[in-house]
Amino acid sequence: MNMVSSGHHSFATRIFSDVAGDITIVVDGEPFLLHKFPLVQRSGKIRKLVAEAKDSDLSKLELLNIPSGPQTFELAMKFCYGMNFQITTANVAQLRCVAEFLEMTEDYREENLIGRTELYLDDVVLQSLEHSVEVLSACESLIPMAEDVGLVDRCVEAIAMNASKEQLVSGLSRLECDDRSTELKSGCLDWWIDDLSVLRTDFYDRVIRAMGRAGVRPHSIIMSLMHYAQSSLKGIEKSQLWSSAKTKPSPGTRENDQRLVVETLVGLFPAEKSSSIPLSFLFGMLRIATMVDAAIACRFELERRISLRLEMVSLDDLLIPSVQVGDSLFDIDTVHRILVNFLQRIEEEENDACGYESDVLGSPCHSSLLKVGRLIESYIAEIAPDPYLSLQKFSAMIEILPDYSRVIDDGLYRAIDIYLKAHPMLTEHESKKLCKFIDCQKLSPGACNHAAQNDRLPLQMMVRVLYFEQLRLKNAVSGSSGDAFFSQKISSGIPSAPMSPRDNYASLRRENRELKSEISRMRVRLSELEKEQMFMKQGMMHKSGITRTLFTSISRGFGRIGISNGEAGGKKQKPGRKSRGSEGKTGRSRRYSASS
């Protein structure tokens with residue numbers, strides 16, 4: 001074959017050295033000087049074009065939209081001339097498509113190029129997961145021809161079936177790995193997980209869905225999803241997430257590709273009942289989904305899955321950077337929606353198995369609520385110093401959880417105090433509104449001592465704290481069993497008897513009213529003592545020094561009970577982050593000759 005504008009060595013002259021080429025075929029602008037006779041014997045398309053030509057002495061043809069271009073066309077021409085070359089996994093997809101384009105079927109010659117490529121596909125490619133992945137990846141540039149000949153579907157199904165077989169074979173190896181060291185366990189992972197990361201997103205989507213139908217383990221699918229995400233989204237670093245929070249770039253081609261990857265992977269998540277996707281991966285995907293502006297349904301699905309295990313979430317996971325210009329540093333709205341989903345789930349569980357009429361204080365749903373309550377206290381304390389955090393959003397994060405989710409309000413008090421310190425421009429009314437969330441009866445003695453001396457608090461709040469501290473002291477001195485027991489219950493956080501959360505909360509509110517009545521009686525008694533003190537001053541001047549000392553001591557005892565122990569505080573340190581693995585693979589190869 002003479003390639004007129006090519007530097008390639010001619011192979012046609014070795015067969016027809018004494019016969020000049022009689023037809024020129026142009027493929028993508030590159031001419032090939034060939035002979036009609038060997039071509040029309042094997043190619044139905046070329047035979048038809050030559051037969052239908054108006055000029056009986058046709059000397060030039062131009063083939064448009066030929067798959068895979070001049071290189072594969074040259075291999076097809078070699079086949080027509082009877083020259084030997086190897087069919088491999090690297091070229092079989094291209095050869096199958098160009099053979100289809102040239103109509104090289106058995107109708108024109110036995111063992112034609114379509115038959116040869118189909119034989120190689122059946123005997124070699126489709127029997128191996130690794131080869132099937134390689135051929136499927138090559139099909140990306142051969143659409144739509146690869147779809148028309150069924151090559152894509154066959155490779156997808158072959159990958160799924162081979163993965164299912166591999167799963168059965170590796171079962172024993174996995175059991176053996178359980179008894180070995182951690183270093184050896186990494187070699188027992190599914191080796192094909194790394195292979196799938198080279199696939200285009202739409203092909204990967206079809207492969208994972210086929211694997212699900214073939215019965216591949218959800219755990220293996222999750223590992224594959226995580227690896228594919230790591231490979232495809234590695235351009236989005238944590239630093240980029242934070243630095244771009246206030247300067248979000250305009251959508252580009254790469255961002256659109258990343259958005260497609262995120263939405264596809266989330267759509268492939270196995271059902272919750274059959275899988276346990278790591279929370280760190282869910283939060284990572286949620287951050288990236290927010291960054292690339294993924295579809296709302298995609299982000300809501302991630303938030304819903306996180307809410308199902310919110311009690312296991314760490315504080316660092318919730319610190320999602322905001323992408324809204326002029327907003328707070330953290331994405332408060334996303335965390336708020338996760339909490340809404342969590343509370344809806346808790347309510348459904350309580351209605352089904354944890355009804356308020358039953359004894360459920362130690363139930364899993366109530367335990368989860370208490371854990372989440374502590375988590376949110378830490379969260380609001382972490383976001384409180386943000387100068388851009390509005391009072392509305394801060395208050396919404398506090399009031400979304402019911403009061404009975406917090407047995408002790410020390411964490412809430414600390415968070416509100418931090419917010420007041422970071423936002424000194426709040427009005428008195430706004431400060432009062434914020435401090436109303438704090439139940440003074442649920443503050444520990446240390447927190448009460450701090451609050452009594454905290455000049456950032458509204459005066460009304462400080463008075464309330466002092467009154468309750470006076471009651472606490474009175475109960476301790478008088479030995480009142482009921483009130484002392486109640487005080488002990490508040491301090492320890494341990495309920496007095498098994499009861500439902502709402503019943504417990506109602507009991508607390510009832511005792512709160514009783515304490516308020518006691519405070520009123522104490523006010524009257526204090527007023528009487530002051531009047532008696534004045535009378536004694538006027539009537540017994542010679543004892544004024546002793547009397548003044550006595551009643552001043554009594555007055556101070558009532559007025560400064562809450563501040564005698566000094567200030568308590570301190571900020572807890574956040575636990576350090578933990579970091580977290582690789583696969584090996586096997587494969588086989590086989591050489592097939594395309595010689596006719």
# chains A, B, ... in the order shown; residues from 1 in each chain; ligands from 1
>>> residues_around(residues="Ala396 of chain A", least_positions_apart="3", cutoff="12 Å", atoms="only C-alpha atoms", output="VMD selection string")
chain A and resid 332 to 333 335 to 337 339 to 340 376 380 389 to 393 399 to 402 434 437
>>> residues_around(residues="segment 54-58 of chain A", least_positions_apart="5", cutoff="10 Å", atoms="only C-alpha atoms", output="ChimeraX atom specification")
/A:22-24,36,49
>>> write_last_selection(atoms="all heavy atoms", output="PDB file, in the first residue's frame")
ATOM      1  N   ASP A  22      -4.537   1.626  -8.289  1.00  0.00           N
ATOM      2  CA  ASP A  22      -5.561   2.145  -9.194  1.00  0.00           C
ATOM      3  C   ASP A  22      -6.666   2.920  -8.481  1.00  0.00           C
ATOM      4  O   ASP A  22      -7.633   3.329  -9.108  1.00  0.00           O
ATOM      5  CB  ASP A  22      -6.174   1.004  -9.999  1.00  0.00           C
ATOM      6  CG  ASP A  22      -6.725  -0.103  -9.110  1.00  0.00           C
ATOM      7  OD1 ASP A  22      -6.704   0.074  -7.864  1.00  0.00           O
ATOM      8  OD2 ASP A  22      -7.161  -1.134  -9.637  1.00  0.00           O
ATOM      9  N   ILE A  23      -6.564   3.103  -7.149  1.00  0.00           N
ATOM     10  CA  ILE A  23      -7.568   3.897  -6.447  1.00  0.00           C
ATOM     11  C   ILE A  23      -6.912   4.565  -5.230  1.00  0.00           C
ATOM     12  O   ILE A  23      -6.073   3.966  -4.552  1.00  0.00           O
ATOM     13  CB  ILE A  23      -8.766   3.036  -6.001  1.00  0.00           C
ATOM     14  CG1 ILE A  23      -9.880   3.931  -5.417  1.00  0.00           C
ATOM     15  CG2 ILE A  23      -8.345   1.969  -4.993  1.00  0.00           C
ATOM     16  CD1 ILE A  23     -11.176   3.183  -5.174  1.00  0.00           C
ATOM     17  N   THR A  24      -7.285   5.804  -5.026  1.00  0.00           N
ATOM     18  CA  THR A  24      -6.799   6.560  -3.878  1.00  0.00           C
ATOM     19  C   THR A  24      -7.973   6.783  -2.926  1.00  0.00           C
ATOM     20  O   THR A  24      -9.013   7.318  -3.320  1.00  0.00           O
ATOM     21  CB  THR A  24      -6.222   7.916  -4.295  1.00  0.00           C
ATOM     22  OG1 THR A  24      -5.106   7.693  -5.170  1.00  0.00           O
ATOM     23  CG2 THR A  24      -5.748   8.705  -3.072  1.00  0.00           C
ATOM     24  N   LYS A  36      -8.040  -1.802  -6.104  1.00  0.00           N
ATOM     25  CA  LYS A  36      -9.468  -2.100  -5.925  1.00  0.00           C
ATOM     26  C   LYS A  36      -9.712  -3.576  -5.635  1.00  0.00           C
ATOM     27  O   LYS A  36     -10.578  -3.918  -4.810  1.00  0.00           O
ATOM     28  CB  LYS A  36     -10.249  -1.704  -7.180  1.00  0.00           C
ATOM     29  CG  LYS A  36     -10.276  -0.220  -7.461  1.00  0.00           C
ATOM     30  CD  LYS A  36     -11.042   0.053  -8.758  1.00  0.00           C
ATOM     31  CE  LYS A  36     -10.995   1.536  -9.113  1.00  0.00           C
ATOM     32  NZ  LYS A  36     -11.664   1.807 -10.402  1.00  0.00           N
ATOM     33  N   LEU A  49     -19.471   1.481  -3.212  1.00  0.00           N
ATOM     34  CA  LEU A  49     -19.076   2.800  -3.710  1.00  0.00           C
ATOM     35  C   LEU A  49     -18.476   2.701  -5.111  1.00  0.00           C
ATOM     36  O   LEU A  49     -18.723   3.556  -5.971  1.00  0.00           O
ATOM     37  CB  LEU A  49     -18.071   3.442  -2.739  1.00  0.00           C
ATOM     38  CG  LEU A  49     -18.619   3.863  -1.378  1.00  0.00           C
ATOM     39  CD1 LEU A  49     -17.484   4.348  -0.461  1.00  0.00           C
ATOM     40  CD2 LEU A  49     -19.664   4.964  -1.540  1.00  0.00           C
TER      41      LEU A  49
END
>>> select_by_dssp(residues="segment 294-388 of chain A", states="alpha helix (DSSP H)", output="VMD selection string")
chain A and resid 296 to 307 315 to 318 332 to 352 364 to 383
>>> residues_around(residues="His227 of chain A", least_positions_apart="5", cutoff="9 Å", atoms="only C-alpha atoms", output="ChimeraX atom specification")
/A:193-194,196-197,222,232
>>> residues_around(residues="Leu142 of chain A", least_positions_apart="6", cutoff="8 Å", atoms="only C-alpha atoms", output="number ranges by chain")
A: 67-68, 94, 97
>>> write_last_selection(atoms="C-alpha atoms", output="PDB file, in the first residue's frame")
ATOM      1  CA  PRO A  67     -14.076   5.644  13.366  1.00  0.00           C
ATOM      2  CA  SER A  68     -10.576   5.744  14.891  1.00  0.00           C
ATOM      3  CA  GLN A  94     -11.022   0.292  16.936  1.00  0.00           C
ATOM      4  CA  CYS A  97     -15.727  -0.416  14.685  1.00  0.00           C
TER       5      CYS A  97
END
>>> atom_distance(atom1="atom CA of Val152 of chain A", atom2="atom CA of Glu74 of chain A")
23.8 Å
>>> residues_around(residues="Leu329 of chain A", least_positions_apart="6", cutoff="9 Å", atoms="only C-alpha atoms", output="ChimeraX atom specification")
/A:245-246,320-323,383,386-389
>>> closest_residue(among="A:Ala210, A:Ile306, A:Ile296, A:Gly284", to="Glu272 of chain A", atoms="only C-alpha atoms")
A:Ile306
>>> closest_residue(among="A:Leu233, A:Asp257, A:His219, A:Leu443", to="Phe269 of chain A", atoms="only C-alpha atoms")
A:His219
>>> residues_around(residues="segment 458-463 of chain A", least_positions_apart="3", cutoff="10 Å", atoms="only C-alpha atoms", output="tab-separated table (two decimals) with N, CA and C atoms, in the first residue's frame")
chain	number	residue	atom	x	y	z
A	427	THR	N	-27.72	44.97	71.04
A	427	THR	CA	-28.51	45.81	71.94
A	427	THR	C	-28.88	45.03	73.19
A	428	GLU	N	-29.35	45.76	74.20
A	428	GLU	CA	-29.78	45.11	75.44
A	428	GLU	C	-30.92	44.14	75.17
A	429	HIS	N	-31.84	44.55	74.30
A	429	HIS	CA	-32.97	43.69	73.96
A	429	HIS	C	-32.50	42.40	73.30
A	430	GLU	N	-31.53	42.50	72.37
A	430	GLU	CA	-31.02	41.31	71.68
A	430	GLU	C	-30.29	40.39	72.66
A	431	SER	N	-29.54	40.96	73.57
A	431	SER	CA	-28.84	40.15	74.57
A	431	SER	C	-29.83	39.41	75.46
A	432	LYS	N	-30.89	40.11	75.89
A	432	LYS	CA	-31.92	39.47	76.72
A	432	LYS	C	-32.57	38.32	75.97
A	433	LYS	N	-32.87	38.56	74.68
A	433	LYS	CA	-33.51	37.53	73.86
A	433	LYS	C	-32.63	36.29	73.75
A	434	LEU	N	-31.34	36.50	73.63
A	434	LEU	CA	-30.41	35.38	73.50
A	434	LEU	C	-30.26	34.63	74.82
A	435	CYS	N	-30.22	35.37	75.94
A	435	CYS	CA	-30.01	34.74	77.24
A	435	CYS	C	-31.25	33.99	77.74
A	436	LYS	N	-32.39	34.24	77.12
A	436	LYS	CA	-33.60	33.52	77.52
A	436	LYS	C	-33.51	32.03	77.21
A	438	ILE	N	-31.12	30.19	78.05
A	438	ILE	CA	-30.41	29.54	79.15
A	438	ILE	C	-31.37	29.30	80.32
A	440	CYS	N	-31.46	28.77	84.01
A	440	CYS	CA	-30.55	28.95	85.15
A	440	CYS	C	-30.56	27.76	86.10
A	448	CYS	N	-22.64	29.09	87.38
A	448	CYS	CA	-23.37	30.16	88.08
A	448	CYS	C	-22.40	31.19	88.65
A	450	HIS	N	-19.51	31.99	87.50
A	450	HIS	CA	-19.00	32.77	86.37
A	450	HIS	C	-20.05	33.77	85.90
A	451	ALA	N	-21.30	33.31	85.78
A	451	ALA	CA	-22.37	34.17	85.28
A	451	ALA	C	-22.64	35.33	86.22
A	452	ALA	N	-22.52	35.09	87.54
A	452	ALA	CA	-22.81	36.14	88.52
A	452	ALA	C	-21.84	37.30	88.41
A	453	GLN	N	-20.66	37.07	87.86
A	453	GLN	CA	-19.65	38.12	87.74
A	453	GLN	C	-19.44	38.56	86.29
A	454	ASN	N	-20.28	38.06	85.39
A	454	ASN	CA	-20.11	38.32	83.95
A	454	ASN	C	-20.84	39.60	83.57
A	455	ASP	N	-20.09	40.68	83.34
A	455	ASP	CA	-20.73	41.96	83.02
A	455	ASP	C	-21.23	42.01	81.58
A	466	LEU	N	-28.39	34.79	90.51
A	466	LEU	CA	-28.19	34.97	91.95
A	466	LEU	C	-29.34	34.38	92.75
A	467	TYR	N	-30.55	34.55	92.28
A	467	TYR	CA	-31.71	34.00	92.99
A	467	TYR	C	-31.62	32.48	93.08
A	468	PHE	N	-31.29	31.86	91.96
A	468	PHE	CA	-31.22	30.41	91.97
A	468	PHE	C	-30.05	29.91	92.81
A	469	GLU	N	-28.97	30.66	92.86
A	469	GLU	CA	-27.86	30.28	93.72
A	469	GLU	C	-28.25	30.43	95.20
A	559	GLY	N	-26.63	38.11	99.19
A	559	GLY	CA	-26.36	38.84	97.94
A	559	GLY	C	-25.16	38.35	97.19
A	562	GLY	N	-23.30	33.54	94.95
A	562	GLY	CA	-22.87	32.94	93.69
A	562	GLY	C	-21.47	33.29	93.27
>>> atom_distance(atom1="atom CA of Leu113 of chain A", atom2="atom CA of Gln71 of chain A")
15.7 Å
>>> closest_residue(among="A:Phe32, A:Tyr419, A:Tyr379, A:Tyr204", to="Ser137 of chain A", atoms="only C-alpha atoms")
A:Tyr204
>>> atom_distance(atom1="atom CA of Glu147 of chain A", atom2="atom CA of Gln41 of chain A")
26.9 Å
